[in-house]
$ cat protein_26.csv   # CSV, C-alpha atoms and all ligand atoms
chain,number,residue,atom,x,y,z
A,4,MET,CA,-47.1,145.0,67.1
A,5,VAL,CA,-50.3,147.0,67.1
A,6,GLY,CA,-50.6,146.3,63.4
A,7,GLU,CA,-51.3,142.6,64.1
A,8,CYS,CA,-54.6,143.6,65.5
A,9,PHE,CA,-56.1,144.9,62.3
A,10,GLN,CA,-57.3,143.3,59.2
A,11,ALA,CA,-55.1,144.2,56.2
A,12,GLU,CA,-57.8,146.2,54.3
A,13,HIS,CA,-58.5,148.5,57.2
A,14,LEU,CA,-56.5,151.5,58.2
A,15,PRO,CA,-56.0,151.8,61.9
A,16,TYR,CA,-58.6,154.1,63.5
A,17,ILE,CA,-57.3,157.7,64.1
A,18,VAL,CA,-59.0,160.3,66.2
A,19,SER,CA,-59.7,163.3,64.0
A,20,LYS,CA,-61.1,166.7,65.0
A,21,PHE,CA,-64.7,167.5,64.5
A,22,GLU,CA,-65.7,169.7,61.6
A,23,ASP,CA,-69.1,170.4,63.1
A,24,TYR,CA,-70.7,169.5,66.4
A,25,SER,CA,-74.1,168.5,65.1
A,26,PRO,CA,-75.7,165.5,66.8
A,27,SER,CA,-75.3,163.4,63.6
A,28,ALA,CA,-71.6,164.2,63.4
A,29,LEU,CA,-71.1,163.2,67.1
A,30,ASP,CA,-73.1,160.0,66.4
A,31,ARG,CA,-71.0,159.1,63.4
A,32,ALA,CA,-67.8,159.6,65.4
A,33,ALA,CA,-69.1,157.4,68.2
A,34,GLN,CA,-70.0,154.6,65.7
A,35,GLU,CA,-66.5,154.7,64.2
A,36,VAL,CA,-64.9,154.4,67.6
A,37,LEU,CA,-67.1,151.5,68.7
A,38,THR,CA,-66.6,149.6,65.4
A,39,ALA,CA,-62.8,150.0,65.7
A,40,LEU,CA,-62.9,149.0,69.4
A,41,LYS,CA,-64.9,145.8,68.7
A,42,GLU,CA,-62.8,144.8,65.7
A,43,GLU,CA,-59.5,145.3,67.5
A,44,SER,CA,-60.7,143.4,70.6
A,45,ALA,CA,-61.8,140.5,68.4
A,46,ALA,CA,-58.2,140.3,67.2
A,47,VAL,CA,-56.8,139.8,70.7
A,48,HIS,CA,-55.5,136.2,71.0
A,49,ASN,CA,-52.9,136.2,73.7
A,50,GLU,CA,-51.4,138.3,76.5
A,51,ALA,CA,-49.1,140.3,74.2
A,52,ASP,CA,-52.0,141.2,71.9
A,53,TRP,CA,-54.0,142.3,74.9
A,54,LYS,CA,-51.3,144.5,76.3
A,55,ALA,CA,-50.9,146.3,72.9
A,56,PHE,CA,-54.7,146.6,72.6
A,57,ARG,CA,-54.9,148.1,76.2
A,58,ASP,CA,-52.1,150.5,75.6
A,59,ARG,CA,-53.4,151.7,72.3
A,60,TRP,CA,-56.8,152.6,73.8
A,61,MET,CA,-55.9,153.5,77.4
A,62,ALA,CA,-52.3,154.6,77.6
A,63,ARG,CA,-52.2,157.9,79.5
A,64,LYS,CA,-49.8,159.3,77.0
A,65,ASN,CA,-51.4,159.3,73.6
A,66,GLY,CA,-53.9,156.4,74.1
A,67,ILE,CA,-57.1,156.9,72.1
A,68,LEU,CA,-59.0,158.0,75.2
A,69,THR,CA,-56.4,160.7,75.9
A,70,GLN,CA,-56.6,161.7,72.2
A,71,MET,CA,-60.3,162.0,72.4
A,72,ASN,CA,-60.0,164.2,75.4
A,73,ASP,CA,-57.5,166.5,73.8
A,74,ALA,CA,-58.8,166.6,70.2
A,75,TRP,CA,-62.6,166.6,71.0
A,76,LEU,CA,-63.3,167.9,74.4
A,77,LYS,CA,-60.5,170.4,75.2
A,78,SER,CA,-60.8,172.1,71.8
A,79,SER,CA,-64.6,172.1,71.6
A,80,PRO,CA,-66.5,175.4,71.8
A,81,ASN,CA,-68.3,176.1,75.0
A,82,THR,CA,-71.7,175.6,73.3
A,83,ALA,CA,-70.8,171.9,72.5
A,84,LYS,CA,-68.8,171.0,75.6
A,85,ARG,CA,-71.7,169.4,77.4
A,86,GLU,CA,-72.5,167.0,74.5
A,87,VAL,CA,-68.9,166.2,73.7
A,88,GLY,CA,-68.2,165.6,77.4
A,89,GLN,CA,-71.1,163.1,77.6
A,90,LEU,CA,-69.9,161.3,74.5
A,91,VAL,CA,-66.3,161.0,75.7
A,92,ASN,CA,-67.5,159.6,79.1
A,93,ALA,CA,-69.7,157.1,77.5
A,94,LEU,CA,-67.0,155.9,75.1
A,95,ARG,CA,-64.5,155.8,78.0
A,96,SER,CA,-66.6,153.4,80.0
A,97,GLU,CA,-67.2,151.2,76.9
A,98,VAL,CA,-63.5,151.1,76.2
A,99,GLU,CA,-62.8,150.1,79.8
A,100,THR,CA,-65.4,147.3,79.7
A,101,ILE,CA,-64.2,145.9,76.4
A,102,VAL,CA,-60.5,146.0,77.5
A,103,GLU,CA,-61.4,144.1,80.7
A,104,ARG,CA,-63.4,141.5,78.8
A,105,ALA,CA,-60.5,141.0,76.3
A,106,LYS,CA,-58.2,140.4,79.3
A,107,ALA,CA,-60.4,137.8,80.8
A,108,SER,CA,-60.4,135.9,77.6
A,109,VAL,CA,-56.6,135.5,77.5
A,110,LEU,CA,-55.3,135.7,81.0
A,111,PRO,CA,-55.7,133.0,83.7
A,112,VAL,CA,-58.3,133.9,86.3
A,113,PRO,CA,-56.7,135.0,89.6
A,114,ILE,CA,-57.3,132.5,92.5
A,115,ALA,CA,-59.5,134.9,94.5
A,116,GLU,CA,-61.9,135.2,91.5
A,117,ARG,CA,-61.8,131.5,90.9
A,118,ALA,CA,-63.1,130.9,94.4
A,119,ALA,CA,-66.1,133.0,93.5
A,120,LYS,CA,-66.8,130.6,90.6
A,121,PRO,CA,-66.6,127.1,92.3
A,122,GLN,CA,-68.8,125.5,89.7
A,123,ALA,CA,-66.3,126.3,86.9
A,124,VAL,CA,-63.4,125.0,89.0
A,125,ILE,CA,-65.1,121.8,89.9
A,126,GLN,CA,-65.9,121.2,86.3
A,127,LYS,CA,-62.3,121.6,85.4
A,128,GLN,CA,-61.1,119.3,88.2
A,129,LEU,CA,-63.7,116.7,87.3
A,130,SER,CA,-62.4,116.5,83.8
A,131,ALA,CA,-58.9,115.7,85.2
A,132,LEU,CA,-60.3,112.9,87.5
A,133,ASP,CA,-60.0,109.4,86.3
A,134,ILE,CA,-62.6,107.5,88.3
A,135,THR,CA,-61.5,104.2,86.9
A,136,LEU,CA,-58.1,104.4,88.8
A,137,PRO,CA,-57.9,102.0,91.7
A,138,GLY,CA,-58.3,103.8,95.1
A,139,ILE,CA,-55.8,104.0,97.9
A,140,ARG,CA,-56.3,101.1,100.4
A,141,ARG,CA,-55.8,102.0,104.0
A,142,PRO,CA,-55.1,99.1,106.3
A,143,VAL,CA,-58.0,98.5,108.7
A,144,GLY,CA,-56.9,98.6,112.4
A,145,SER,CA,-57.9,96.0,114.9
A,146,ARG,CA,-58.6,95.8,118.7
A,147,HIS,CA,-55.4,95.7,120.8
A,148,PRO,CA,-55.1,92.3,122.6
A,149,VAL,CA,-55.3,94.0,126.0
A,150,LEU,CA,-58.6,95.7,125.0
A,151,LYS,CA,-59.9,92.4,123.7
A,152,ALA,CA,-59.1,90.6,126.9
A,153,MET,CA,-60.6,93.5,128.9
A,154,ASP,CA,-63.8,93.4,126.8
A,155,GLU,CA,-64.1,89.7,127.4
A,156,VAL,CA,-63.6,90.0,131.2
A,157,VAL,CA,-66.1,92.9,131.4
A,158,GLY,CA,-68.5,90.9,129.3
A,159,VAL,CA,-68.4,87.9,131.7
A,160,PHE,CA,-69.2,90.2,134.7
A,161,LYS,CA,-71.8,92.2,132.8
A,162,ALA,CA,-73.7,88.9,132.2
A,163,MET,CA,-73.7,88.4,136.0
A,164,GLY,CA,-75.4,91.8,136.5
A,165,TYR,CA,-72.3,94.0,137.1
A,166,SER,CA,-72.2,97.5,135.7
A,167,VAL,CA,-69.0,99.3,134.5
A,168,GLU,CA,-67.5,102.1,136.6
A,169,GLN,CA,-64.4,104.2,135.7
A,170,GLY,CA,-62.1,106.5,137.8
A,171,PRO,CA,-59.2,108.9,137.2
A,172,GLU,CA,-55.7,107.7,136.4
A,173,VAL,CA,-54.3,110.6,138.3
A,174,GLU,CA,-55.6,109.9,141.8
A,175,THR,CA,-55.2,111.4,145.3
A,176,ASP,CA,-53.4,109.6,148.1
A,177,TYR,CA,-56.8,109.4,149.9
A,178,TYR,CA,-58.5,107.2,147.3
A,179,ASN,CA,-55.5,105.2,146.3
A,180,PHE,CA,-54.4,104.4,149.9
A,181,GLU,CA,-56.1,106.1,152.8
A,182,ALA,CA,-59.7,105.1,152.2
A,183,LEU,CA,-58.5,101.6,151.3
A,184,ASN,CA,-57.2,101.2,154.8
A,185,PHE,CA,-53.5,101.7,154.0
A,186,PRO,CA,-52.4,103.7,157.1
A,187,ALA,CA,-49.8,106.4,156.5
A,188,ASN,CA,-46.3,105.0,156.5
A,189,HIS,CA,-47.6,101.4,156.5
A,190,PRO,CA,-45.2,99.0,154.8
A,191,ALA,CA,-48.0,97.8,152.5
A,192,ARG,CA,-47.6,101.1,150.6
A,193,ASP,CA,-44.1,100.0,149.7
A,194,THR,CA,-45.4,97.1,147.7
A,195,GLN,CA,-47.1,99.5,145.3
A,196,ASP,CA,-44.0,101.3,143.9
A,197,THR,CA,-46.0,104.5,143.6
A,198,ILE,CA,-45.2,107.3,141.1
A,199,PHE,CA,-46.0,110.6,142.7
A,200,ILE,CA,-46.6,113.9,140.9
A,201,ALA,CA,-43.8,116.3,141.8
A,202,GLY,CA,-44.0,119.5,143.8
A,203,GLN,CA,-46.8,118.7,146.2
A,204,ASP,CA,-44.9,118.8,149.5
A,205,HIS,CA,-47.0,121.7,150.7
A,206,LYS,CA,-50.2,119.7,150.6
A,207,PRO,CA,-51.6,117.5,153.3
A,208,SER,CA,-50.6,113.9,152.3
A,209,ARG,CA,-54.2,112.7,151.6
A,210,ASP,CA,-54.5,115.4,148.9
A,211,ARG,CA,-51.3,114.7,147.1
A,212,LEU,CA,-51.7,113.4,143.5
A,213,LEU,CA,-50.2,110.2,142.2
A,214,LEU,CA,-50.6,107.9,139.3
A,215,ARG,CA,-53.0,105.2,140.6
A,216,THR,CA,-51.2,102.0,141.4
A,217,HIS,CA,-54.3,99.9,141.2
A,218,THR,CA,-58.0,100.2,140.2
A,219,SER,CA,-59.1,99.6,143.8
A,220,PRO,CA,-59.7,103.4,144.4
A,221,VAL,CA,-62.7,103.1,142.0
A,222,GLN,CA,-64.4,100.9,144.7
A,223,ILE,CA,-64.5,104.0,147.0
A,224,ARG,CA,-65.7,106.3,144.2
A,225,ALA,CA,-68.4,103.9,143.2
A,226,MET,CA,-69.7,103.5,146.8
A,227,GLN,CA,-69.7,107.3,147.2
A,228,LYS,CA,-71.9,107.5,144.1
A,229,ALA,CA,-74.5,104.9,144.9
A,230,PRO,CA,-75.8,103.2,148.1
A,231,PRO,CA,-75.9,99.4,148.4
A,232,PRO,CA,-76.6,97.0,146.9
A,233,ILE,CA,-73.8,97.5,144.3
A,234,ARG,CA,-72.1,95.3,141.8
A,235,VAL,CA,-69.4,97.1,139.7
A,236,ILE,CA,-66.5,96.2,137.5
A,237,CYS,CA,-63.8,98.8,137.0
A,238,PRO,CA,-61.3,98.4,134.1
A,239,GLY,CA,-58.4,100.8,133.6
A,240,LYS,CA,-54.8,101.7,133.3
A,241,VAL,CA,-52.5,101.7,136.4
A,242,HIS,CA,-48.9,102.7,136.9
A,243,ARG,CA,-46.0,101.5,139.1
A,244,HIS,CA,-42.3,102.4,139.3
A,245,ASP,CA,-41.2,99.1,137.9
A,246,THR,CA,-38.3,98.3,135.7
A,247,PRO,CA,-39.6,96.8,132.5
A,248,ASP,CA,-38.8,93.1,131.8
A,249,ALA,CA,-40.7,90.2,130.3
A,250,SER,CA,-43.3,90.2,133.1
A,251,HIS,CA,-43.2,93.8,134.4
A,252,SER,CA,-44.2,97.1,132.8
A,253,PRO,CA,-44.5,100.5,134.5
A,254,LEU,CA,-47.9,100.8,132.8
A,255,PHE,CA,-50.4,98.0,132.9
A,256,HIS,CA,-54.1,97.2,133.2
A,257,GLN,CA,-56.4,95.9,135.9
A,258,ILE,CA,-60.0,95.1,136.4
A,259,GLU,CA,-61.4,95.7,139.8
A,260,GLY,CA,-64.7,94.1,141.0
A,261,LEU,CA,-66.9,94.9,144.0
A,262,ALA,CA,-70.1,93.5,145.2
A,263,VAL,CA,-71.9,94.8,148.3
A,264,ASP,CA,-75.3,93.7,149.7
A,265,THR,CA,-76.8,92.2,152.8
A,266,ASN,CA,-75.4,88.7,153.5
A,267,ILE,CA,-72.7,88.5,150.9
A,268,THR,CA,-70.3,85.7,151.9
A,269,PHE,CA,-67.0,84.3,151.0
A,270,SER,CA,-68.8,81.5,149.2
A,271,ASP,CA,-70.4,84.1,146.9
A,272,LEU,CA,-66.9,85.3,146.1
A,273,LYS,CA,-65.6,81.8,145.4
A,274,GLY,CA,-68.6,80.9,143.2
A,275,THR,CA,-68.4,84.2,141.2
A,276,LEU,CA,-64.6,84.0,140.5
A,277,ASP,CA,-64.8,80.2,139.7
A,278,HIS,CA,-67.5,80.9,137.2
A,279,ALA,CA,-65.5,83.9,135.7
A,280,MET,CA,-62.3,81.8,135.3
A,281,LYS,CA,-64.2,79.0,133.6
A,282,SER,CA,-65.9,81.4,131.2
A,283,LEU,CA,-62.5,83.0,130.4
A,284,PHE,CA,-60.2,79.9,130.2
A,285,GLY,CA,-62.5,76.9,129.6
A,286,SER,CA,-64.9,74.9,131.8
A,287,SER,CA,-62.2,72.3,132.7
A,288,VAL,CA,-60.2,75.0,134.6
A,289,LYS,CA,-60.2,74.7,138.4
A,290,THR,CA,-59.6,77.5,140.9
A,291,ARG,CA,-57.9,77.5,144.3
A,292,PHE,CA,-57.9,80.1,146.9
A,293,TYR,CA,-55.2,80.5,149.5
A,294,PRO,CA,-54.6,83.0,152.2
A,295,SER,CA,-53.0,86.3,151.5
A,296,PHE,CA,-53.0,89.9,152.7
A,297,PHE,CA,-54.5,93.2,151.3
A,298,PRO,CA,-55.2,96.1,153.6
A,299,PHE,CA,-58.7,96.6,152.2
A,300,THR,CA,-60.0,93.0,152.5
A,301,GLU,CA,-60.3,90.6,155.5
A,302,PRO,CA,-59.9,87.8,155.0
A,303,SER,CA,-57.9,88.1,151.7
A,304,ALA,CA,-56.9,85.5,149.2
A,305,ASP,CA,-54.8,84.9,146.1
A,306,VAL,CA,-56.6,83.0,143.4
A,307,GLN,CA,-54.8,80.5,141.2
A,308,ILE,CA,-56.2,78.6,138.2
A,309,SER,CA,-55.1,75.2,137.1
A,310,CYS,CA,-52.8,75.7,134.1
A,311,PRO,CA,-55.0,75.8,131.0
A,312,PHE,CA,-52.1,74.7,128.8
A,313,CYS,CA,-51.1,71.5,130.5
A,314,GLY,CA,-54.3,70.8,132.5
A,315,GLY,CA,-52.3,70.9,135.7
A,316,LYS,CA,-49.6,68.4,134.9
A,317,GLY,CA,-46.8,71.0,134.8
A,318,CYS,CA,-45.3,72.9,131.8
A,319,ARG,CA,-43.1,75.9,131.0
A,320,THR,CA,-46.0,78.4,131.3
A,321,CYS,CA,-46.9,77.3,134.8
A,322,LYS,CA,-43.3,76.8,135.7
A,323,GLN,CA,-44.0,73.1,136.2
A,324,SER,CA,-46.3,73.8,139.2
A,325,GLY,CA,-49.6,73.1,137.4
A,326,TRP,CA,-51.1,76.4,138.8
A,327,ILE,CA,-51.1,80.0,137.7
A,328,GLU,CA,-51.7,82.9,140.1
A,329,LEU,CA,-54.1,85.3,138.5
A,330,LEU,CA,-55.8,87.6,141.0
A,331,GLY,CA,-56.2,88.9,144.5
A,332,CYS,CA,-59.5,89.1,146.4
A,333,GLY,CA,-61.2,89.1,149.7
A,334,MET,CA,-64.1,90.3,151.9
A,335,VAL,CA,-64.3,94.1,152.1
A,336,ASP,CA,-62.6,95.1,155.3
A,337,PRO,CA,-65.1,96.9,157.7
A,338,ASN,CA,-62.6,99.7,158.0
A,339,VAL,CA,-63.1,100.5,154.3
A,340,PHE,CA,-66.9,100.7,154.8
A,341,GLU,CA,-66.3,103.2,157.6
A,342,PHE,CA,-65.0,105.7,155.0
A,343,VAL,CA,-68.3,105.5,153.1
A,344,ARG,CA,-70.6,104.8,156.1
A,345,ALA,CA,-72.4,108.2,155.4
A,346,ASN,CA,-73.3,106.8,151.9
A,347,GLY,CA,-75.3,103.9,153.4
A,348,TYR,CA,-72.5,101.4,154.0
A,349,ASP,CA,-72.9,100.4,157.6
A,350,PRO,CA,-70.5,97.5,158.1
A,351,LYS,CA,-73.0,96.1,160.7
A,352,LYS,CA,-75.7,95.8,158.1
A,353,ILE,CA,-73.9,94.9,154.9
A,354,SER,CA,-71.0,92.9,153.6
A,355,GLY,CA,-69.2,92.6,150.3
A,356,PHE,CA,-66.3,91.1,148.4
A,357,ALA,CA,-63.8,92.6,146.1
A,358,PHE,CA,-61.2,91.3,143.6
A,359,GLY,CA,-58.6,92.7,141.3
A,360,MET,CA,-56.9,91.1,138.3
A,361,GLY,CA,-54.2,92.0,135.8
A,362,VAL,CA,-55.6,92.2,132.3
A,363,ASP,CA,-52.2,92.1,130.6
A,364,ARG,CA,-51.5,88.8,132.3
A,365,ILE,CA,-54.9,87.4,131.2
A,366,ALA,CA,-54.2,88.6,127.6
A,367,MET,CA,-50.8,86.9,127.6
A,368,LEU,CA,-52.3,83.6,128.8
A,369,LYS,CA,-55.2,83.7,126.5
A,370,TYR,CA,-53.2,84.6,123.4
A,371,GLY,CA,-49.9,82.8,124.2
A,372,ILE,CA,-47.7,86.0,124.5
A,373,ASP,CA,-44.5,85.4,126.5
A,374,ASP,CA,-43.3,89.0,126.9
A,375,ILE,CA,-45.5,91.8,128.3
A,376,GLN,CA,-43.3,94.4,126.5
A,377,LEU,CA,-44.7,93.2,123.2
A,378,LEU,CA,-48.1,94.7,124.3
A,379,PHE,CA,-46.7,98.2,124.5
A,380,GLN,CA,-44.2,98.5,121.7
A,381,GLY,CA,-46.8,99.2,119.0
A,382,ASP,CA,-45.2,96.9,116.5
A,383,VAL,CA,-47.8,96.4,113.8
A,384,ARG,CA,-46.4,93.0,112.8
A,385,PHE,CA,-47.2,91.8,116.3
A,386,LEU,CA,-50.5,93.6,116.7
A,387,GLU,CA,-52.0,92.5,113.3
A,388,GLN,CA,-51.8,88.8,114.5
A,389,PHE,CA,-54.9,89.6,116.6
A,390,ALA,CA,-57.0,91.2,113.9
B,401,LIG,N1,-55.4,96.1,144.2
B,401,LIG,C1,-54.7,94.9,144.4
B,401,LIG,C2,-53.3,95.0,143.7
B,401,LIG,O1,-53.2,95.8,142.8
B,401,LIG,C3,-55.4,93.8,143.7
B,401,LIG,C4,-56.6,93.4,144.6
B,401,LIG,C5,-56.5,92.5,145.6
B,401,LIG,C6,-57.8,94.1,144.4
B,401,LIG,C7,-57.5,92.2,146.4
B,401,LIG,C8,-58.9,93.7,145.3
B,401,LIG,C9,-58.7,92.8,146.2
B,401,LIG,O2,-60.1,94.3,145.1
B,401,LIG,O3,-59.8,92.5,147.0
B,401,LIG,O4,-52.4,94.3,144.0
$ encode --input "protein_26.csv" --output "structure tokens" --more "lines below"
Ligand code: DAH
Amino acid sequence: MVGECFQAEHLPYIVSKFEDYSPSALDRAAQEVLTALKEESAAVHNEADWKAFRDRWMARKNGILTQMNDAWLKSSPNTAKREVGQLVNALRSEVETIVERAKASVLPVPIAERAAKPQAVIQKQLSALDITLPGIRRPVGSRHPVLKAMDEVVGVFKAMGYSVEQGPEVETDYYNFEALNFPANHPARDTQDTIFIAGQDHKPSRDRLLLRTHTSPVQIRAMQKAPPPIRVICPGKVHRHDTPDASHSPLFHQIEGLAVDTNITFSDLKGTLDHAMKSLFGSSVKTRFYPSFFPFTEPSADVQISCPFCGGKGCRTCKQSGWIELLGCGMVDPNVFEFVRANGYDPKKISGFAFGMGVDRIAMLKYGIDDIQLLFQGDVRFLEQFA
């Protein structure tokens, strides 16, 4: 195998003993070694060549370095030991360098070393990259119909000078009920099908956490933050323990509104909501208000709009009644202001109105969706219709 490394006319290099230790003799010996080393390394073309080359020069047993040690250094007279030692050391480091270099020329570069030479790697990758291949197209997402409807409602109220306020989805009993004038154990609480967080029996009831059942608690948080006058719109998710069907979902969305100032009247409420409904469903839509009950408003009303599909004549969507119920509203109950009186809300000096509407309902009406479940199933075929 070793023979392959040499040109035919050369005899392989052999370490022979010195006849004299003159500087010129040492020099000649060194030249011979270096010439042989370079010639043999130039003949290394693959891994097997390299291993044979390495072993011939560096094998512990009988490699050329070992032979030099034995034949030159060990047997040299004391007077020449120093020079011969220096020569052997210099040749050893030359052999090691050339053997390493020969290795790099035939063996793949280990990953750790490759990382230290990113330029070379990038070059290699670039040459494997065909920039004329078509790219991977990723489908572009679109706004969810609920968010689209929410944005639209918020936009209508922003244009009337309302600002947007948000509150937590995990709320305390105090904000969700107590400060909104739902007395403890009052039957009005039952209508809310509340989902409570477990394991809180040790806490006073006002501190117990629940998933908010409506966005109305944000009214209280907004009034605690800023004194009157105030005009806020509060969009968000709400939760109720409802069995899912075509018109119910345990998770849905509401938008709350609140306006408080001096001399706010029920007419302001009617005018504001009538304008909002016309903006959302078309200017020919009519609104009607009829009495209702909410603990936090007095008087309270439910608002219906004339059916935008049949113009009020009666159809499947409005169940032949010509009207669709869309939201609750009323004048803020003075008892609610009592909870934020210290923040500047003296019910003797100010008044306000509030309203709350279901966004999912509005989205369903606007986009002709007949099952609320479709909004939450995440079926791309359904959602991409709104892109
Ligand atoms: N929070 C009520 C609900 O979820 C909706 C509502 C009714 C909000 C009247 C109001 C309001 O602000 O004044 O059923």
$ closest_residue --input "protein_26.csv" --among "A:Pro247, A:Gly158, A:Gly202, A:Gly359" --to "Thr218 of chain A" --atoms "only C-alpha atoms"
A:Gly359
$ closest_residue --input "protein_26.csv" --among "A:Thr197, A:Thr100, A:Thr175, A:Gln222" --to "Val263 of chain A" --atoms "only C-alpha atoms"
A:Gln222
$ closest_atom_pairs --input "protein_26.csv" --of "chain A" --to "ligand LIG 401 (chain B)" --cutoff "8 Å" --atoms "all atoms listed in the file" --output "CSV"
residue,atom,partner,partner_atom,distance
A:Gln195,CA,B:LIG401,O4,7.5
A:Thr216,CA,B:LIG401,O1,6.7
A:His217,CA,B:LIG401,O1,4.5
A:Thr218,CA,B:LIG401,N1,6.3
A:Ser219,CA,B:LIG401,N1,5.1
A:Gln222,CA,B:LIG401,O2,7.9
A:Gln257,CA,B:LIG401,O1,7.6
A:Glu259,CA,B:LIG401,O2,5.6
A:Gly260,CA,B:LIG401,O2,6.2
A:Leu261,CA,B:LIG401,O2,6.9
A:Phe297,CA,B:LIG401,C7,5.8
A:Phe299,CA,B:LIG401,O3,6.7
A:Thr300,CA,B:LIG401,O3,5.5
A:Ser303,CA,B:LIG401,C7,6.7
A:Ala304,CA,B:LIG401,C7,7.3
A:Asp305,CA,B:LIG401,C7,7.8
A:Leu330,CA,B:LIG401,C5,6.8
A:Gly331,CA,B:LIG401,C5,3.8
A:Cys332,CA,B:LIG401,O3,3.5
A:Gly333,CA,B:LIG401,O3,4.6
A:Met334,CA,B:LIG401,O3,6.9
A:Val335,CA,B:LIG401,O3,7.0
A:Phe356,CA,B:LIG401,O3,6.8
A:Ala357,CA,B:LIG401,O3,4.1
A:Phe358,CA,B:LIG401,O2,3.5
A:Gly359,CA,B:LIG401,C6,3.5
A:Met360,CA,B:LIG401,C3,6.2
$ atom_distance --input "protein_26.csv" --atom1 "atom CA of Phe199 of chain A" --atom2 "atom CA of His242 of chain A"
10.2 Å
$ residues_around --input "protein_26.csv" --residues "Cys321 of chain A" --least-positions-apart "3" --cutoff "12 Å" --atoms "all atoms listed in the file" --output "list in words"
Gln307, Ile308, Ser309, Cys310, Pro311, Phe312, Cys313, Gly314, Gly315, Lys316, Gly317, Cys318, Ser324, Gly325, Trp326, Ile327, Glu328, Leu329, Leu368 and Asp373 of chain A
$ closest_residue --input "protein_26.csv" --among "A:Ala83, A:Ile353, A:Val149, A:Ala366" --to "Thr268 of chain A" --atoms "only C-alpha atoms"
A:Ile353
$ closest_residue --input "protein_26.csv" --among "A:Pro230, A:Pro207, A:Pro142, A:Gly285" --to "Phe340 of chain A" --atoms "only C-alpha atoms"
A:Pro230
$ residues_around --input "protein_26.csv" --residues "Tyr178 of chain A" --least-positions-apart "6" --cutoff "12 Å" --atoms "all atoms listed in the file" --output "list in words"
Gly170, Pro171, Glu172, Asn184, Phe185, Ser208, Arg209, Asp210, Arg211, Leu212, Leu213, Leu214, Arg215, Thr216, His217, Thr218, Ser219, Pro220, Val221, Gln222, Ile223, Arg224, Ala225, Met226, Gln227, Phe299, Val339, Phe342 and Val343 of chain A
$ closest_residue --input "protein_26.csv" --among "A:Leu90, A:Ile267, A:Val235, A:Glu174" --to "Arg31 of chain A" --atoms "only C-alpha atoms"
A:Leu90
$ closest_residue --input "protein_26.csv" --among "A:Ile200, A:Arg85, A:Asp349, A:Val159" --to "His278 of chain A" --atoms "all atoms listed in the file"
A:Val159
$ residues_around --input "protein_26.csv" --residues "Ala262 of chain A" --least-positions-apart "6" --cutoff "9 Å" --atoms "only C-alpha atoms" --output "list in words"
Tyr165, Pro231, Pro232, Ile233, Arg234, Val235, Ile236, Leu272, Ser354, Gly355, Phe356 and Ala357 of chain A
$ atom_distance --input "protein_26.csv" --atom1 "atom CA of Glu42 of chain A" --atom2 "atom CA of Leu76 of chain A"
24.7 Å
$ residues_around --input "protein_26.csv" --residues "Ile67 of chain A" --least-positions-apart "2" --cutoff "12 Å" --atoms "all atoms listed in the file" --output "PDB file with C-alpha atoms, keeping the file's coordinate frame"
ATOM      1  CA  PRO A  15     -56.000 151.800  61.900  1.00  0.00           C
ATOM      2  CA  TYR A  16     -58.600 154.100  63.500  1.00  0.00           C
ATOM      3  CA  ILE A  17     -57.300 157.700  64.100  1.00  0.00           C
ATOM      4  CA  VAL A  18     -59.000 160.300  66.200  1.00  0.00           C
ATOM      5  CA  SER A  19     -59.700 163.300  64.000  1.00  0.00           C
ATOM      6  CA  VAL A  36     -64.900 154.400  67.600  1.00  0.00           C
ATOM      7  CA  LEU A  37     -67.100 151.500  68.700  1.00  0.00           C
ATOM      8  CA  ALA A  39     -62.800 150.000  65.700  1.00  0.00           C
ATOM      9  CA  LEU A  40     -62.900 149.000  69.400  1.00  0.00           C
ATOM     10  CA  PHE A  56     -54.700 146.600  72.600  1.00  0.00           C
ATOM     11  CA  ARG A  57     -54.900 148.100  76.200  1.00  0.00           C
ATOM     12  CA  ASP A  58     -52.100 150.500  75.600  1.00  0.00           C
ATOM     13  CA  ARG A  59     -53.400 151.700  72.300  1.00  0.00           C
ATOM     14  CA  TRP A  60     -56.800 152.600  73.800  1.00  0.00           C
ATOM     15  CA  MET A  61     -55.900 153.500  77.400  1.00  0.00           C
ATOM     16  CA  ALA A  62     -52.300 154.600  77.600  1.00  0.00           C
ATOM     17  CA  ARG A  63     -52.200 157.900  79.500  1.00  0.00           C
ATOM     18  CA  LYS A  64     -49.800 159.300  77.000  1.00  0.00           C
ATOM     19  CA  ASN A  65     -51.400 159.300  73.600  1.00  0.00           C
ATOM     20  CA  THR A  69     -56.400 160.700  75.900  1.00  0.00           C
ATOM     21  CA  GLN A  70     -56.600 161.700  72.200  1.00  0.00           C
ATOM     22  CA  MET A  71     -60.300 162.000  72.400  1.00  0.00           C
ATOM     23  CA  ASN A  72     -60.000 164.200  75.400  1.00  0.00           C
ATOM     24  CA  ASP A  73     -57.500 166.500  73.800  1.00  0.00           C
ATOM     25  CA  ALA A  74     -58.800 166.600  70.200  1.00  0.00           C
ATOM     26  CA  TRP A  75     -62.600 166.600  71.000  1.00  0.00           C
ATOM     27  CA  VAL A  91     -66.300 161.000  75.700  1.00  0.00           C
ATOM     28  CA  LEU A  94     -67.000 155.900  75.100  1.00  0.00           C
ATOM     29  CA  ARG A  95     -64.500 155.800  78.000  1.00  0.00           C
ATOM     30  CA  VAL A  98     -63.500 151.100  76.200  1.00  0.00           C
ATOM     31  CA  GLU A  99     -62.800 150.100  79.800  1.00  0.00           C
TER      32      GLU A  99
END
$ atom_distance --input "protein_26.csv" --atom1 "atom CA of Pro302 of chain A" --atom2 "atom CA of Asn266 of chain A"
15.6 Å
$ axis_aligned_box --input "protein_26.csv" --around "segment 37-45 of chain A" --padding-each-side "8 Å" --output "lines of an AutoDock Vina configuration file"
center_x = -63.3
center_y = 146.0
center_z = 68.0
size_x = 23.6
size_y = 27.0
size_z = 21.2
